[in-house]
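Heads up, input_33.txt below (compact mmCIF, C-alpha atoms):
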```
# COMPACT_ATOMS: atom_id res chain seq x y z
CA MET A 1 -29.82 -29.95 -1.99
CA ASN A 2 -26.62 -31.92 -1.64
CA ASN A 3 -26.34 -33.43 1.81
CA ASN A 4 -22.98 -35.07 1.27
CA ILE A 5 -20.43 -32.32 1.84
CA SER A 6 -17.41 -34.58 1.43
CA ASN A 7 -18.51 -35.35 -2.15
CA ILE A 8 -18.68 -31.65 -3.05
CA LYS A 9 -14.91 -31.42 -2.90
CA LEU A 10 -14.66 -34.13 -5.55
CA ILE A 11 -16.90 -32.37 -8.06
CA GLN A 12 -15.32 -29.85 -10.43
CA LYS A 13 -16.42 -26.49 -9.05
CA GLU A 14 -15.38 -22.88 -9.35
CA TYR A 15 -14.75 -22.98 -5.59
CA SER A 16 -13.84 -25.38 -2.83
CA VAL A 17 -14.56 -25.70 0.89
CA ILE A 18 -11.32 -27.60 1.38
CA ASN A 19 -9.68 -24.75 3.34
CA LEU A 20 -12.48 -24.68 5.89
CA VAL A 21 -10.86 -26.62 8.71
CA ASP A 22 -14.16 -28.03 9.85
CA SER A 23 -15.23 -29.01 6.34
CA ASN A 24 -16.98 -32.17 7.55
CA ASN A 25 -19.25 -30.08 9.77
CA LYS A 26 -22.20 -29.36 7.49
CA ASP A 27 -23.65 -26.53 9.60
CA PHE A 28 -20.31 -24.76 9.77
CA VAL A 29 -19.71 -25.06 6.03
CA ILE A 30 -23.22 -23.79 5.25
CA ALA A 31 -22.71 -20.82 7.59
CA MET A 32 -19.39 -19.96 5.91
CA VAL A 33 -20.83 -20.33 2.41
CA LYS A 34 -23.80 -18.12 3.30
CA LEU A 35 -21.43 -15.55 4.73
CA PHE A 36 -19.36 -15.65 1.54
CA ILE A 37 -22.50 -15.16 -0.57
CA ASP A 38 -23.43 -12.14 1.59
CA ILE A 39 -20.01 -10.49 1.34
CA SER A 40 -19.89 -11.18 -2.41
CA ARG A 41 -23.20 -9.36 -2.89
CA GLU A 42 -21.97 -6.55 -0.67
CA PHE A 43 -18.83 -6.34 -2.83
CA ILE A 44 -20.80 -6.29 -6.10
CA ASN A 45 -23.08 -3.56 -4.75
CA GLU A 46 -20.16 -1.47 -3.46
CA VAL A 47 -18.11 -1.58 -6.67
CA ASN A 48 -21.12 -0.86 -8.87
CA ILE A 49 -21.90 2.26 -6.82
CA ALA A 50 -18.20 3.18 -6.74
CA ILE A 51 -17.99 3.01 -10.55
CA ILE A 52 -20.99 5.37 -10.84
CA ASP A 53 -19.42 7.69 -8.23
CA ASN A 54 -15.98 7.46 -9.87
CA ASN A 55 -14.66 6.40 -6.44
CA LEU A 56 -11.39 4.54 -7.06
CA SER A 57 -10.51 4.38 -3.36
CA GLN A 58 -13.73 2.50 -2.60
CA ILE A 59 -13.04 0.08 -5.48
CA ASN A 60 -9.53 -0.60 -4.14
CA GLN A 61 -10.85 -1.07 -0.58
CA SER A 62 -13.67 -3.39 -1.63
CA ALA A 63 -11.26 -5.55 -3.62
CA HIS A 64 -8.83 -5.60 -0.71
CA ARG A 65 -11.52 -6.71 1.71
CA ILE A 66 -12.80 -9.64 -0.35
CA LYS A 67 -9.37 -10.79 -1.54
CA ALA A 68 -8.54 -13.13 1.36
CA SER A 69 -12.02 -14.65 1.36
CA ILE A 70 -11.70 -15.45 -2.35
CA ASP A 71 -8.46 -17.24 -1.52
CA VAL A 72 -10.05 -19.19 1.34
CA MET A 73 -12.83 -20.37 -1.00
CA VAL A 74 -10.20 -21.27 -3.63
CA ILE A 75 -11.81 -19.28 -6.45
CA SER A 76 -8.61 -19.46 -8.45
CA SER A 77 -10.01 -17.68 -11.49
CA LEU A 78 -10.40 -14.49 -9.41
CA SER A 79 -7.17 -14.61 -7.44
CA LYS A 80 -5.19 -12.49 -9.90
CA VAL A 81 -7.90 -10.08 -11.05
CA VAL A 82 -8.98 -9.13 -7.51
CA ARG A 83 -5.41 -8.06 -6.76
CA GLU A 84 -5.22 -6.10 -10.01
CA ILE A 85 -8.43 -4.26 -9.06
CA GLU A 86 -7.09 -3.64 -5.54
CA ASN A 87 -3.93 -2.06 -6.97
CA SER A 88 -5.55 -0.12 -9.82
CA ASN A 89 -4.70 3.56 -9.87
CA VAL A 90 -7.10 4.77 -12.52
CA ILE A 91 -10.71 4.10 -13.50
CA ASN A 92 -10.61 3.21 -17.18
CA ASP A 93 -12.20 0.68 -19.54
CA GLU A 94 -9.67 -1.96 -18.54
CA LEU A 95 -10.64 -1.65 -14.87
CA LYS A 96 -14.33 -1.66 -15.75
CA ASP A 97 -13.82 -4.88 -17.74
CA LYS A 98 -12.07 -6.44 -14.75
CA ILE A 99 -14.91 -5.37 -12.47
CA ASN A 100 -17.44 -6.82 -14.89
CA PHE A 101 -15.48 -10.05 -14.98
CA ILE A 102 -15.24 -10.38 -11.20
CA THR A 103 -18.88 -9.47 -10.57
CA GLU A 104 -20.14 -11.91 -13.23
CA LYS A 105 -17.90 -14.65 -11.88
CA LEU A 106 -18.97 -14.00 -8.28
CA GLU A 107 -22.63 -14.08 -9.34
CA PHE A 108 -21.99 -17.42 -11.07
CA VAL A 109 -20.07 -18.90 -8.14
CA THR A 110 -22.57 -17.76 -5.52
CA LYS A 111 -25.39 -19.29 -7.58
CA GLN A 112 -23.37 -22.50 -7.69
CA MET A 113 -23.00 -22.30 -3.90
CA GLU A 114 -26.71 -21.70 -3.44
CA ASN A 115 -27.50 -24.75 -5.56
CA ASP A 116 -25.10 -26.84 -3.50
CA PHE A 117 -26.07 -25.62 -0.05
CA ALA A 118 -29.46 -23.89 -0.20
CA MET B 1 -0.51 -31.55 38.88
CA ASP B 2 1.53 -28.37 38.84
CA LEU B 3 -0.25 -25.62 40.82
CA SER B 4 0.54 -23.06 38.13
CA THR B 5 -1.48 -25.16 35.72
CA ILE B 6 -4.48 -25.36 38.06
CA TYR B 7 -4.82 -21.58 38.24
CA LEU B 8 -4.14 -20.87 34.58
CA LYS B 9 -6.99 -18.72 33.29
CA THR B 10 -8.75 -19.59 30.05
CA PRO B 11 -6.74 -17.83 27.36
CA THR B 12 -8.43 -15.20 25.26
CA VAL B 13 -7.58 -14.18 21.72
CA PHE B 14 -8.98 -11.03 20.14
CA ILE B 15 -9.23 -10.76 16.36
CA LEU B 16 -9.78 -7.46 14.56
CA ASP B 17 -10.51 -7.59 10.83
CA ASP B 18 -12.93 -5.65 8.64
CA ASP B 19 -13.63 -8.83 6.64
CA LYS B 20 -16.46 -10.70 8.42
CA PHE B 21 -15.79 -13.89 6.48
CA TYR B 22 -12.11 -13.92 7.39
CA LEU B 23 -12.93 -13.24 11.05
CA LYS B 24 -15.09 -16.34 11.15
CA TYR B 25 -12.44 -18.31 9.27
CA ILE B 26 -9.66 -17.37 11.71
CA ARG B 27 -11.96 -18.11 14.62
CA SER B 28 -12.58 -21.59 13.20
CA LEU B 29 -8.83 -22.18 12.83
CA ILE B 30 -8.37 -21.30 16.51
CA SER B 31 -11.27 -23.53 17.61
CA ASN B 32 -9.78 -26.33 15.57
CA TYR B 33 -6.46 -25.80 17.36
CA SER B 34 -8.08 -25.77 20.80
CA LEU B 35 -11.59 -25.47 22.15
CA SER B 36 -10.03 -24.12 25.36
CA ILE B 37 -9.31 -20.71 23.84
CA ASN B 38 -11.89 -17.93 24.07
CA THR B 39 -11.99 -15.89 20.89
CA LYS B 40 -13.64 -12.51 20.49
CA THR B 41 -13.98 -11.02 17.04
CA PHE B 42 -14.32 -7.36 16.10
CA CYS B 43 -14.86 -5.52 12.83
CA LYS B 44 -14.36 -2.07 14.35
CA LYS B 45 -11.34 -0.91 16.30
CA GLU B 46 -13.46 0.95 18.88
CA ASP B 47 -15.18 -2.30 19.83
CA LEU B 48 -11.82 -3.95 20.42
CA ILE B 49 -10.44 -1.01 22.39
CA VAL B 50 -13.36 -0.90 24.85
CA ASN B 51 -12.85 -4.61 25.56
CA LEU B 52 -9.13 -4.38 26.30
CA ASP B 53 -9.75 -4.38 30.06
CA SER B 54 -10.46 -8.11 29.76
CA LYS B 55 -6.71 -8.45 29.05
CA PRO B 56 -6.49 -10.75 26.02
CA ASP B 57 -3.48 -13.03 25.80
CA LEU B 58 -3.08 -12.30 22.13
CA ILE B 59 -4.48 -9.84 19.61
CA LEU B 60 -4.57 -10.78 15.92
CA LEU B 61 -4.73 -7.54 14.03
CA ASP B 62 -5.53 -7.11 10.35
CA TYR B 63 -3.09 -4.67 8.80
CA ASN B 64 -5.49 -2.86 6.48
CA LEU B 65 -8.73 -2.13 8.31
CA GLY B 66 -10.36 -0.17 5.52
CA LEU B 67 -12.53 2.79 6.36
CA GLN B 68 -13.33 3.08 10.06
CA ASN B 69 -15.66 6.01 10.78
CA SER B 70 -14.87 7.23 7.24
CA VAL B 71 -11.14 7.30 8.01
CA LYS B 72 -8.71 4.95 6.25
CA THR B 73 -7.30 2.92 9.12
CA THR B 74 -4.32 0.61 9.38
CA ALA B 75 -3.01 -1.56 12.19
CA HIS B 76 -0.58 1.22 13.05
CA ASN B 77 -3.43 3.41 14.35
CA VAL B 78 -4.79 0.59 16.46
CA ILE B 79 -1.41 -0.50 17.85
CA ASN B 80 -0.96 2.95 19.35
CA ASP B 81 -4.31 2.71 21.12
CA ILE B 82 -3.60 -0.81 22.35
CA GLU B 83 -0.17 0.18 23.66
CA ASN B 84 -1.65 3.12 25.51
CA PHE B 85 -3.73 0.57 27.38
CA ASN B 86 -1.07 -2.13 27.70
CA PRO B 87 2.45 -1.47 26.38
CA ASN B 88 3.32 -5.17 26.64
CA GLN B 89 0.31 -6.53 24.77
CA THR B 90 1.19 -9.41 22.44
CA ILE B 91 0.05 -8.43 18.96
CA VAL B 92 0.33 -10.42 15.73
CA LEU B 93 -0.40 -8.75 12.41
CA LEU B 94 -2.54 -10.39 9.75
CA SER B 95 -2.28 -9.14 6.21
CA GLY B 96 -2.88 -9.96 2.60
CA GLU B 97 0.34 -8.09 1.87
CA SER B 98 3.46 -10.20 1.75
CA SER B 99 5.90 -7.42 0.95
CA LEU B 100 9.05 -7.37 3.05
CA PRO B 101 9.19 -3.55 3.46
CA LEU B 102 6.03 -3.67 5.55
CA LEU B 103 7.52 -6.29 7.85
CA GLU B 104 10.79 -4.36 8.12
CA GLU B 105 8.91 -1.16 8.88
CA TYR B 106 7.11 -2.78 11.80
CA ASN B 107 10.14 -4.56 13.13
CA LYS B 108 11.93 -1.22 13.42
CA TYR B 109 9.07 -0.08 15.55
CA ARG B 110 8.71 -3.19 17.70
CA ASN B 111 9.15 -6.90 17.27
CA LEU B 112 5.79 -7.90 15.84
CA GLU B 113 5.04 -11.29 14.39
CA TYR B 114 3.27 -11.38 11.08
CA ILE B 115 0.92 -13.83 9.39
CA VAL B 116 0.35 -13.55 5.65
CA LYS B 117 -3.23 -14.32 4.64
CA GLY B 118 -2.99 -17.18 2.20
CA GLN B 119 -2.36 -20.87 1.92
CA THR B 120 0.01 -20.93 4.93
CA THR B 121 -2.23 -18.96 7.31
CA GLY B 122 -3.35 -22.06 9.21
CA SER B 123 0.12 -23.43 9.89
CA GLU B 124 1.53 -19.99 10.76
CA LEU B 125 -1.32 -19.35 13.16
CA MET B 126 -0.87 -22.75 14.83
CA SER B 127 2.81 -22.00 15.32
CA ILE B 128 2.05 -18.64 16.93
CA LEU B 129 -0.69 -20.03 19.17
CA SER B 130 1.64 -22.78 20.40
CA LYS B 131 4.23 -20.16 21.36
CA ARG B 132 2.00 -17.39 22.65
CA VAL B 133 -1.07 -18.97 24.23
CA LYS B 134 -0.85 -21.22 27.27
CA ILE B 135 -3.67 -23.71 27.32
CA GLN B 136 -4.80 -25.54 30.43
CA SER B 137 -4.13 -29.24 29.94
```
Using structure tokens, write down the structure from this file.
Amino acid sequence: MNNNISNIKLIQKEYSVINLVDSNNKDFVIAMVKLFIDISREFINEVNIAIIDNNLSQINQSAHRIKASIDVMVISSLSKVVREIENSNVINDELKDKINFITEKLEFVTKQMENDFA
Amino acid sequence: MDLSTIYLKTPTVFILDDDKFYLKYIRSLISNYSLSINTKTFCKKEDLIVNLDSKPDLILLDYNLGLQNSVKTTAHNVINDIENFNPNQTIVLLSGESSLPLLEEYNKYRNLEYIVKGQTTGSELMSILSKRVKIQS
């Protein structure tokens, strides 16, 4: 467990807590990170079910809902792809690849968060 | 001290967004601006509507509210309900969309302010709070 939150911003990460206005408040940051982990898992679950159900609307909605949170947590590698998924108008291999990419990256980032804040 | 200041009620801001993380984020931005503002957050429009009798000073309204009771819902649906309760309610839209047509569409309808979710959200929100919410000094 890393107790020094201010140092976390200095380490190369796939995310940052720099946008959290109260980023020196450890309890607040932990609460926000836990919430992000929860909504990421919710997103992964939703899009996986939506792919099976061939439900493009749900995929678009799920991407829309997590988009701003990804920006707040400065996960730059997902900023573009989440918007592409949100605006997709057909379920094809390209979209499935993008969904695989975003779910794998979110799983990686949330594990990184858990290591930092668990 | 000015008497009008003495009797100023604690301002209340309502926030409606289907993204729980973003709700908490916006709430933290407001608390950082002033601890003297009450904020109430809602994920569902019905929950906001039934609380309108507490007369919020400002409502921050996400544009795309996703599926509400299995119906795709946008701010437009909610604005109608809010205006039925209070036609003069101050409403500010929040959205991940930055396209101008959306803004133009709403400004034909009424003069709504608009905050784009992104890097400038904090500063835009501070600007709106300073104009729209009177805080007891």
Can you write out as a tab-separated table which residues of chain B fall within 8 Å of chain A, alongside each residue's closest atom pair and its distance in Å to one decimal, counting only C-alpha atoms and ordering rows by chain and ascending residue number?
```
residue	atom	partner	partner_atom	distance
B:Asp18	CA	A:Arg65	CA	7.2
B:Asp19	CA	A:Arg65	CA	5.8
B:Lys20	CA	A:Leu35	CA	7.9
B:Phe21	CA	A:Leu35	CA	6.1
B:Tyr22	CA	A:Ser69	CA	6.1
B:Lys24	CA	A:Met32	CA	7.7
B:Tyr25	CA	A:Leu20	CA	7.2
B:Ser28	CA	A:Val21	CA	7.0
B:Leu29	CA	A:Val21	CA	6.4
B:Asn32	CA	A:Val21	CA	7.0
B:Gly66	CA	A:Gln61	CA	6.2
B:Gly96	CA	A:Ala68	CA	6.6
B:Lys117	CA	A:Ala68	CA	6.4
B:Gly118	CA	A:Asp71	CA	6.6
B:Gln119	CA	A:Asp71	CA	7.9
```
**OP:** For each of B:Ile115, B:Leu94, B:Lys9, B:Leu129, take the minimum atom-to-atom distance to Leu61 (chain B), counting all atoms listed in the file, then give the residue where this is smallest.
**Re:**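 The closest residue to Leu61 (chain B) is B:Leu94.
Counting all atoms listed in the file and comparing A:Lys105, A:Lys98, A:Lys13, A:Lys111, the residue that lies closest to Ile51 (chain A) is A:Lys98.
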Subject >> Proximity to Pro56 (chain B) - best of B:Tyr114, B:Phe42, B:Phe14, B:Phe85, all atoms listed in the file >> reply: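 When distances to Pro56 (chain B) are compared using all atoms listed in the file, the smallest one comes from B:Phe14.
Separating CA of Asn64 (chain B) from CA of Glu104 (chain A) is a distance of 26.2 Å.
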**OP:** Quote the spacing between CA of Phe43 (chain A) and CA of Ser16 (chain A) in Å to one decimal place.
**Re:** 19.7 Å
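The interatomic distance for the pair CA of Ile99 (chain A) and CA of Lys45 (chain B) works out to 29.3 Å.
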Original post:
If you count all atoms listed in the file, which residues fall within 12 Å of Asn88 (chain B), apart from same-chain ones fewer than 4 positions away, as a ChimeraX atom specification?
Top reply: /B:55-59,79-80,82-84,110-112
Original post:
Out of A:Val47, A:Met73, A:Ile52, A:Val81, which residue has the shortest atom-to-atom distance to Ile18 (chain A) when counting all atoms listed in the file?
Top reply: A:Met73
Original post:
Pick the closest to Val92 (chain B) from B:Ile37, B:Leu23, B:Leu67, B:Leu16: which is it, counting all atoms listed in the file?
Top reply: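 Result for the nearest residue to Val92 (chain B): B:Leu16.
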Original post:
Which is closest to Asn55 (chain A) among A:Phe117, A:Glu84, A:Val90, A:Glu42, if we use all atoms listed in the file?
Top reply: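 Answer, going by the shortest atom-to-atom distance: A:Val90.
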As a tab-separated table (two decimals), keeping the file's coordinate frame, could you write out region 44-73 of chain A once it has been completed with N, CA and C atoms?
```tsv
chain	number	residue	atom	x	y	z
A	44	ILE	N	-20.24	-6.65	-4.79
A	44	ILE	CA	-20.80	-6.29	-6.10
A	44	ILE	C	-21.54	-4.95	-6.01
A	45	ASN	N	-22.33	-4.81	-4.96
A	45	ASN	CA	-23.08	-3.56	-4.75
A	45	ASN	C	-22.13	-2.37	-4.58
A	46	GLU	N	-21.11	-2.56	-3.74
A	46	GLU	CA	-20.16	-1.47	-3.46
A	46	GLU	C	-19.42	-1.03	-4.72
A	47	VAL	N	-18.90	-1.99	-5.50
A	47	VAL	CA	-18.11	-1.58	-6.67
A	47	VAL	C	-18.98	-0.97	-7.77
A	48	ASN	N	-20.23	-1.46	-7.88
A	48	ASN	CA	-21.12	-0.86	-8.87
A	48	ASN	C	-21.42	0.60	-8.54
A	49	ILE	N	-21.66	0.86	-7.25
A	49	ILE	CA	-21.90	2.26	-6.82
A	49	ILE	C	-20.62	3.08	-6.99
A	50	ALA	N	-19.48	2.46	-6.65
A	50	ALA	CA	-18.20	3.18	-6.74
A	50	ALA	C	-17.87	3.56	-8.18
A	51	ILE	N	-18.22	2.69	-9.13
A	51	ILE	CA	-17.99	3.01	-10.55
A	51	ILE	C	-18.82	4.24	-10.94
A	52	ILE	N	-20.10	4.23	-10.52
A	52	ILE	CA	-20.99	5.37	-10.84
A	52	ILE	C	-20.43	6.66	-10.21
A	53	ASP	N	-19.93	6.52	-8.97
A	53	ASP	CA	-19.42	7.69	-8.23
A	53	ASP	C	-17.97	8.04	-8.61
A	54	ASN	N	-17.38	7.24	-9.50
A	54	ASN	CA	-15.98	7.46	-9.87
A	54	ASN	C	-15.07	7.42	-8.64
A	55	ASN	N	-15.35	6.47	-7.73
A	55	ASN	CA	-14.66	6.40	-6.44
A	55	ASN	C	-13.64	5.25	-6.46
A	56	LEU	N	-12.43	5.57	-6.93
A	56	LEU	CA	-11.39	4.54	-7.06
A	56	LEU	C	-10.99	3.97	-5.70
A	57	SER	N	-10.91	4.82	-4.70
A	57	SER	CA	-10.51	4.38	-3.36
A	57	SER	C	-11.45	3.30	-2.83
A	58	GLN	N	-12.75	3.50	-3.06
A	58	GLN	CA	-13.73	2.50	-2.60
A	58	GLN	C	-13.55	1.19	-3.37
A	59	ILE	N	-13.26	1.29	-4.67
A	59	ILE	CA	-13.04	0.08	-5.48
A	59	ILE	C	-11.84	-0.68	-4.94
A	60	ASN	N	-10.74	0.04	-4.68
A	60	ASN	CA	-9.53	-0.60	-4.14
A	60	ASN	C	-9.82	-1.27	-2.79
A	61	GLN	N	-10.54	-0.55	-1.92
A	61	GLN	CA	-10.85	-1.07	-0.58
A	61	GLN	C	-11.75	-2.31	-0.65
A	62	SER	N	-12.75	-2.25	-1.52
A	62	SER	CA	-13.67	-3.39	-1.63
A	62	SER	C	-12.93	-4.63	-2.12
A	63	ALA	N	-12.04	-4.42	-3.10
A	63	ALA	CA	-11.26	-5.55	-3.62
A	63	ALA	C	-10.33	-6.09	-2.54
A	64	HIS	N	-9.73	-5.16	-1.79
A	64	HIS	CA	-8.83	-5.60	-0.71
A	64	HIS	C	-9.58	-6.46	0.30
A	65	ARG	N	-10.79	-6.02	0.64
A	65	ARG	CA	-11.52	-6.71	1.71
A	65	ARG	C	-11.98	-8.11	1.32
A	66	ILE	N	-12.29	-8.32	0.05
A	66	ILE	CA	-12.80	-9.64	-0.35
A	66	ILE	C	-11.68	-10.59	-0.79
A	67	LYS	N	-10.50	-10.02	-0.98
A	67	LYS	CA	-9.37	-10.79	-1.54
A	67	LYS	C	-9.07	-12.08	-0.76
A	68	ALA	N	-8.92	-11.96	0.55
A	68	ALA	CA	-8.54	-13.13	1.36
A	68	ALA	C	-9.65	-14.17	1.36
A	69	SER	N	-10.90	-13.71	1.35
A	69	SER	CA	-12.02	-14.65	1.36
A	69	SER	C	-12.08	-15.44	0.05
A	70	ILE	N	-11.77	-14.77	-1.05
A	70	ILE	CA	-11.70	-15.45	-2.35
A	70	ILE	C	-10.63	-16.55	-2.31
A	71	ASP	N	-9.52	-16.24	-1.65
A	71	ASP	CA	-8.46	-17.24	-1.52
A	71	ASP	C	-8.90	-18.42	-0.65
A	72	VAL	N	-9.58	-18.11	0.45
A	72	VAL	CA	-10.05	-19.19	1.34
A	72	VAL	C	-10.99	-20.12	0.59
A	73	MET	N	-11.86	-19.54	-0.26
A	73	MET	CA	-12.83	-20.37	-1.00
A	73	MET	C	-12.25	-20.91	-2.31
```
